[in-house]
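Below is one structure, written out as structure tokens, with a few remarks after it.
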Amino acid sequence: MSDATYEEVLDLPNHPEQLLIDVRNPDEIAATGKIPTSVNIPFTQLEETLKLADGPFMDKLGRPKPTLAADIIFHCGKGGRAQKATDLALALGYQNARTYKGSYQEWASKQST
């Protein structure tokens, strides 16, 4: 599966069926900001969160747990943790997990131009 592009991430508000997961720590997000529509699941909590049953997932994140066929895009600060998150999700059976390689760094630079 191909990596997600800036243009795809920019268009996510028009695709509520897609899930954008920010795997940065909360203090990083507080310092820099977030991409609209993203949900924060720090990388250190990702595996246990993706393994939650539907109810606890909804309680924790306030949205339904994605199916194994859902389109999920991971991002972080520069792309490294996002790729590890994608690899983890694929190993857990999420068939359409992708990485936004540019991650927040690219998002912020393109948003400020």
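As shown in the structure tokens, the chain order sets the letters A, B, ...; within each chain, residues go from 1, and ligands are also counted from 1 in the order they appear.
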To test your reading of the structure, identify every residue in stretch 1-111 of chain A that backbone DSSP assigns to helix (DSSP H, G or I), and report it as a PyMOL selection string.
chain A and resi 6-10+12-14+26-32+43-50+54-61+80-91+103-111
For the residues in the current selection, export N, CA and C atoms as a compact mmCIF listing (two decimals), in the first residue's frame.
# COMPACT_ATOMS: atom_id res chain seq x y z
N TYR A 6 0.41 14.57 1.57
CA TYR A 6 -0.10 15.78 2.20
C TYR A 6 -1.52 16.08 1.70
N GLU A 7 -1.72 15.94 0.40
CA GLU A 7 -3.02 16.25 -0.19
C GLU A 7 -4.11 15.33 0.38
N GLU A 8 -3.79 14.05 0.57
CA GLU A 8 -4.75 13.13 1.16
C GLU A 8 -5.09 13.52 2.60
N VAL A 9 -4.07 13.87 3.36
CA VAL A 9 -4.29 14.27 4.75
C VAL A 9 -5.09 15.57 4.80
N LEU A 10 -4.81 16.49 3.91
CA LEU A 10 -5.54 17.75 3.82
C LEU A 10 -7.03 17.50 3.56
N LEU A 12 -8.79 14.86 4.52
CA LEU A 12 -9.41 13.95 5.49
C LEU A 12 -10.72 14.46 6.10
N PRO A 13 -10.91 15.77 6.30
CA PRO A 13 -12.21 16.20 6.82
C PRO A 13 -13.39 15.77 5.93
N ASN A 14 -13.12 15.51 4.66
CA ASN A 14 -14.16 15.04 3.74
C ASN A 14 -14.30 13.52 3.75
N PRO A 26 1.75 13.38 24.09
CA PRO A 26 0.92 14.58 24.29
C PRO A 26 1.72 15.87 24.46
N ASP A 27 2.87 15.81 25.10
CA ASP A 27 3.66 17.03 25.27
C ASP A 27 4.19 17.55 23.94
N GLU A 28 4.47 16.66 22.99
CA GLU A 28 4.91 17.10 21.66
C GLU A 28 3.78 17.82 20.94
N ILE A 29 2.58 17.29 21.06
CA ILE A 29 1.41 17.90 20.41
C ILE A 29 1.14 19.26 21.04
N ALA A 30 1.23 19.35 22.37
CA ALA A 30 1.00 20.61 23.06
C ALA A 30 2.00 21.68 22.61
N ALA A 31 3.21 21.26 22.30
CA ALA A 31 4.27 22.20 21.90
C ALA A 31 4.13 22.66 20.44
N THR A 32 3.56 21.82 19.59
CA THR A 32 3.56 22.14 18.16
C THR A 32 2.17 22.32 17.56
N PHE A 43 2.77 6.29 20.63
CA PHE A 43 3.30 5.03 20.12
C PHE A 43 3.45 3.97 21.21
N THR A 44 3.84 4.40 22.40
CA THR A 44 4.03 3.44 23.49
C THR A 44 2.72 2.77 23.92
N GLN A 45 1.58 3.36 23.56
CA GLN A 45 0.27 2.80 23.91
C GLN A 45 -0.47 2.20 22.71
N LEU A 46 0.15 2.28 21.54
CA LEU A 46 -0.56 1.91 20.31
C LEU A 46 -0.99 0.45 20.28
N GLU A 47 -0.09 -0.46 20.57
CA GLU A 47 -0.44 -1.88 20.46
C GLU A 47 -1.59 -2.22 21.40
N GLU A 48 -1.50 -1.82 22.66
CA GLU A 48 -2.58 -2.16 23.60
C GLU A 48 -3.89 -1.49 23.19
N THR A 49 -3.84 -0.28 22.65
CA THR A 49 -5.06 0.42 22.23
C THR A 49 -5.70 -0.28 21.03
N LEU A 50 -4.90 -0.67 20.05
CA LEU A 50 -5.45 -1.35 18.87
C LEU A 50 -6.00 -2.73 19.20
N ASP A 54 -14.18 -3.32 21.13
CA ASP A 54 -14.89 -2.16 20.59
C ASP A 54 -15.32 -1.17 21.67
N GLY A 55 -15.94 -1.65 22.75
CA GLY A 55 -16.45 -0.77 23.80
C GLY A 55 -15.35 0.03 24.48
N PRO A 56 -14.32 -0.63 24.99
CA PRO A 56 -13.23 0.12 25.63
C PRO A 56 -12.51 1.08 24.67
N PHE A 57 -12.41 0.71 23.39
CA PHE A 57 -11.80 1.61 22.41
C PHE A 57 -12.63 2.88 22.31
N MET A 58 -13.96 2.72 22.20
CA MET A 58 -14.86 3.87 22.12
C MET A 58 -14.77 4.72 23.38
N ASP A 59 -14.71 4.08 24.53
CA ASP A 59 -14.59 4.81 25.79
C ASP A 59 -13.30 5.63 25.84
N LYS A 60 -12.23 5.06 25.35
CA LYS A 60 -10.91 5.71 25.42
C LYS A 60 -10.78 6.85 24.42
N LEU A 61 -11.27 6.63 23.19
CA LEU A 61 -11.02 7.60 22.12
C LEU A 61 -12.24 8.36 21.64
N GLY A 80 9.39 8.71 11.44
CA GLY A 80 9.99 7.46 11.92
C GLY A 80 9.04 6.61 12.74
N ARG A 81 8.45 7.20 13.77
CA ARG A 81 7.50 6.45 14.60
C ARG A 81 6.25 6.08 13.81
N ALA A 82 5.86 6.94 12.88
CA ALA A 82 4.68 6.65 12.06
C ALA A 82 4.89 5.36 11.25
N GLN A 83 6.09 5.19 10.70
CA GLN A 83 6.38 3.96 9.94
C GLN A 83 6.34 2.75 10.86
N LYS A 84 6.90 2.88 12.08
CA LYS A 84 6.85 1.78 13.04
C LYS A 84 5.41 1.47 13.43
N ALA A 85 4.59 2.49 13.55
CA ALA A 85 3.17 2.31 13.88
C ALA A 85 2.45 1.58 12.75
N THR A 86 2.74 1.96 11.52
CA THR A 86 2.14 1.29 10.36
C THR A 86 2.53 -0.18 10.34
N ASP A 87 3.81 -0.45 10.57
CA ASP A 87 4.29 -1.84 10.59
C ASP A 87 3.58 -2.64 11.69
N LEU A 88 3.41 -2.03 12.84
CA LEU A 88 2.73 -2.69 13.96
C LEU A 88 1.28 -2.98 13.60
N ALA A 89 0.58 -1.99 13.05
CA ALA A 89 -0.82 -2.18 12.68
C ALA A 89 -0.97 -3.28 11.63
N LEU A 90 -0.09 -3.29 10.65
CA LEU A 90 -0.13 -4.35 9.64
C LEU A 90 0.07 -5.72 10.28
N ALA A 91 1.00 -5.80 11.23
CA ALA A 91 1.25 -7.07 11.92
C ALA A 91 0.04 -7.51 12.74
N SER A 103 4.68 13.61 7.80
CA SER A 103 4.19 13.79 9.15
C SER A 103 3.98 15.26 9.51
N TYR A 104 4.00 15.56 10.81
CA TYR A 104 3.65 16.91 11.25
C TYR A 104 4.61 17.95 10.69
N GLN A 105 5.87 17.59 10.54
CA GLN A 105 6.85 18.55 10.01
C GLN A 105 6.44 19.07 8.64
N GLU A 106 6.06 18.17 7.73
CA GLU A 106 5.62 18.59 6.39
C GLU A 106 4.31 19.35 6.49
N TRP A 107 3.38 18.85 7.30
CA TRP A 107 2.08 19.50 7.45
C TRP A 107 2.26 20.96 7.88
N ALA A 108 3.04 21.17 8.93
CA ALA A 108 3.24 22.53 9.46
C ALA A 108 3.91 23.44 8.44
N SER A 109 4.89 22.92 7.73
CA SER A 109 5.59 23.77 6.75
C SER A 109 4.68 24.14 5.59
N LYS A 110 3.83 23.24 5.16
CA LYS A 110 2.93 23.54 4.04
C LYS A 110 1.74 24.40 4.48
N GLN A 111 1.36 24.30 5.73
CA GLN A 111 0.27 25.11 6.25
C GLN A 111 0.69 26.57 6.45
Which residues, written as a PyMOL selection string, have at least one atom at most 12 Å from A:Pro16, with only C-alpha atoms counted and residues fewer than 5 positions away on the same chain left out?
chain A and resi 9+11+36-38+63-64+66+70-72
For each of A:Asn40, A:Ala69, A:Gly79, A:Ala53, take the minimum atom-to-atom distance to A:Glu17, counting only C-alpha atoms, then give the residue where this is smallest.
A:Ala69
Would you mind reading off the distance between atom CA of A:Asp22 and atom CA of A:Thr99, one decimal, in Å?
10.5 Å
Just the number, please: distance in Å from atom CA of A:Gly62 to atom CA of A:Val23, one decimal.
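Spanning atom CA of A:Gly62 to atom CA of A:Val23 is a straight-line distance of 16.7 Å.
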If I take atom CA of A:Tyr94 and atom CA of A:Ser2, how far is one from the other in Å, to one decimal?
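Interatomic distance here is 14.4 Å.
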Stretch 100-102 of chain A environment, 7 Å, only C-alpha atoms, sequence neighbours closer than 5 positions dropped, as number ranges by chain:
A: 3-5, 73-75, 78-79
Emit the selected residues as a JSON list (two decimals), in the first residue's frame, including all heavy atoms.
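Output saved as selection_35.json:
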[["chain", "number", "residue", "atom", "x", "y", "z"],
["A", 3, "ASP", "N", 2.17, 5.19, 0.59],
["A", 3, "ASP", "CA", 2.16, 6.13, 1.70],
["A", 3, "ASP", "C", 1.10, 7.20, 1.44],
["A", 3, "ASP", "O", 0.78, 7.53, 0.29],
["A", 3, "ASP", "CB", 3.52, 6.80, 1.83],
["A", 3, "ASP", "CG", 4.61, 5.83, 2.26],
["A", 3, "ASP", "OD1", 4.30, 4.89, 3.01],
["A", 3, "ASP", "OD2", 5.77, 6.02, 1.84],
["A", 4, "ALA", "N", 0.59, 7.78, 2.52],
["A", 4, "ALA", "CA", -0.36, 8.88, 2.40],
["A", 4, "ALA", "C", 0.39, 10.16, 2.05],
["A", 4, "ALA", "O", 1.52, 10.37, 2.49],
["A", 4, "ALA", "CB", -1.11, 9.06, 3.71],
["A", 5, "THR", "N", -0.25, 11.01, 1.28],
["A", 5, "THR", "CA", 0.36, 12.27, 0.86],
["A", 5, "THR", "C", -0.24, 13.43, 1.65],
["A", 5, "THR", "O", -1.29, 13.30, 2.29],
["A", 5, "THR", "CB", 0.11, 12.53, -0.64],
["A", 5, "THR", "OG1", -1.31, 12.68, -0.83],
["A", 5, "THR", "CG2", 0.64, 11.39, -1.50],
["A", 73, "ILE", "N", -4.25, 6.07, 8.72],
["A", 73, "ILE", "CA", -3.01, 6.76, 8.39],
["A", 73, "ILE", "C", -2.33, 7.15, 9.70],
["A", 73, "ILE", "O", -2.97, 7.72, 10.59],
["A", 73, "ILE", "CB", -3.29, 8.01, 7.54],
["A", 73, "ILE", "CG1", -3.96, 7.62, 6.22],
["A", 73, "ILE", "CG2", -1.99, 8.78, 7.28],
["A", 73, "ILE", "CD1", -4.50, 8.80, 5.43],
["A", 74, "PHE", "N", -1.06, 6.83, 9.81],
["A", 74, "PHE", "CA", -0.29, 7.17, 11.00],
["A", 74, "PHE", "C", 0.66, 8.31, 10.69],
["A", 74, "PHE", "O", 1.26, 8.37, 9.61],
["A", 74, "PHE", "CB", 0.53, 5.96, 11.47],
["A", 74, "PHE", "CG", -0.31, 4.85, 12.00],
["A", 74, "PHE", "CD1", -0.66, 3.79, 11.17],
["A", 74, "PHE", "CD2", -0.76, 4.85, 13.31],
["A", 74, "PHE", "CE1", -1.45, 2.75, 11.64],
["A", 74, "PHE", "CE2", -1.55, 3.81, 13.79],
["A", 74, "PHE", "CZ", -1.89, 2.76, 12.95],
["A", 75, "HIS", "N", 0.82, 9.23, 11.66],
["A", 75, "HIS", "CA", 1.83, 10.27, 11.53],
["A", 75, "HIS", "C", 2.44, 10.55, 12.89],
["A", 75, "HIS", "O", 1.91, 10.16, 13.93],
["A", 75, "HIS", "CB", 1.25, 11.54, 10.90],
["A", 75, "HIS", "CG", 0.58, 12.48, 11.85],
["A", 75, "HIS", "ND1", 1.25, 13.47, 12.51],
["A", 75, "HIS", "CD2", -0.70, 12.57, 12.25],
["A", 75, "HIS", "CE1", 0.41, 14.15, 13.27],
["A", 75, "HIS", "NE2", -0.78, 13.61, 13.13],
["A", 78, "LYS", "N", 8.29, 13.46, 12.43],
["A", 78, "LYS", "CA", 9.06, 13.46, 11.18],
["A", 78, "LYS", "C", 8.85, 12.21, 10.33],
["A", 78, "LYS", "O", 9.37, 12.13, 9.23],
["A", 78, "LYS", "CB", 10.55, 13.60, 11.50],
["A", 78, "LYS", "CG", 10.90, 14.91, 12.17],
["A", 78, "LYS", "CD", 12.38, 14.98, 12.49],
["A", 78, "LYS", "CE", 12.73, 16.25, 13.21],
["A", 78, "LYS", "NZ", 14.12, 16.28, 13.65],
["A", 79, "GLY", "N", 8.16, 11.20, 10.83],
["A", 79, "GLY", "CA", 7.86, 10.02, 10.03],
["A", 79, "GLY", "C", 8.39, 8.70, 10.56],
["A", 79, "GLY", "O", 7.91, 7.66, 10.14]]
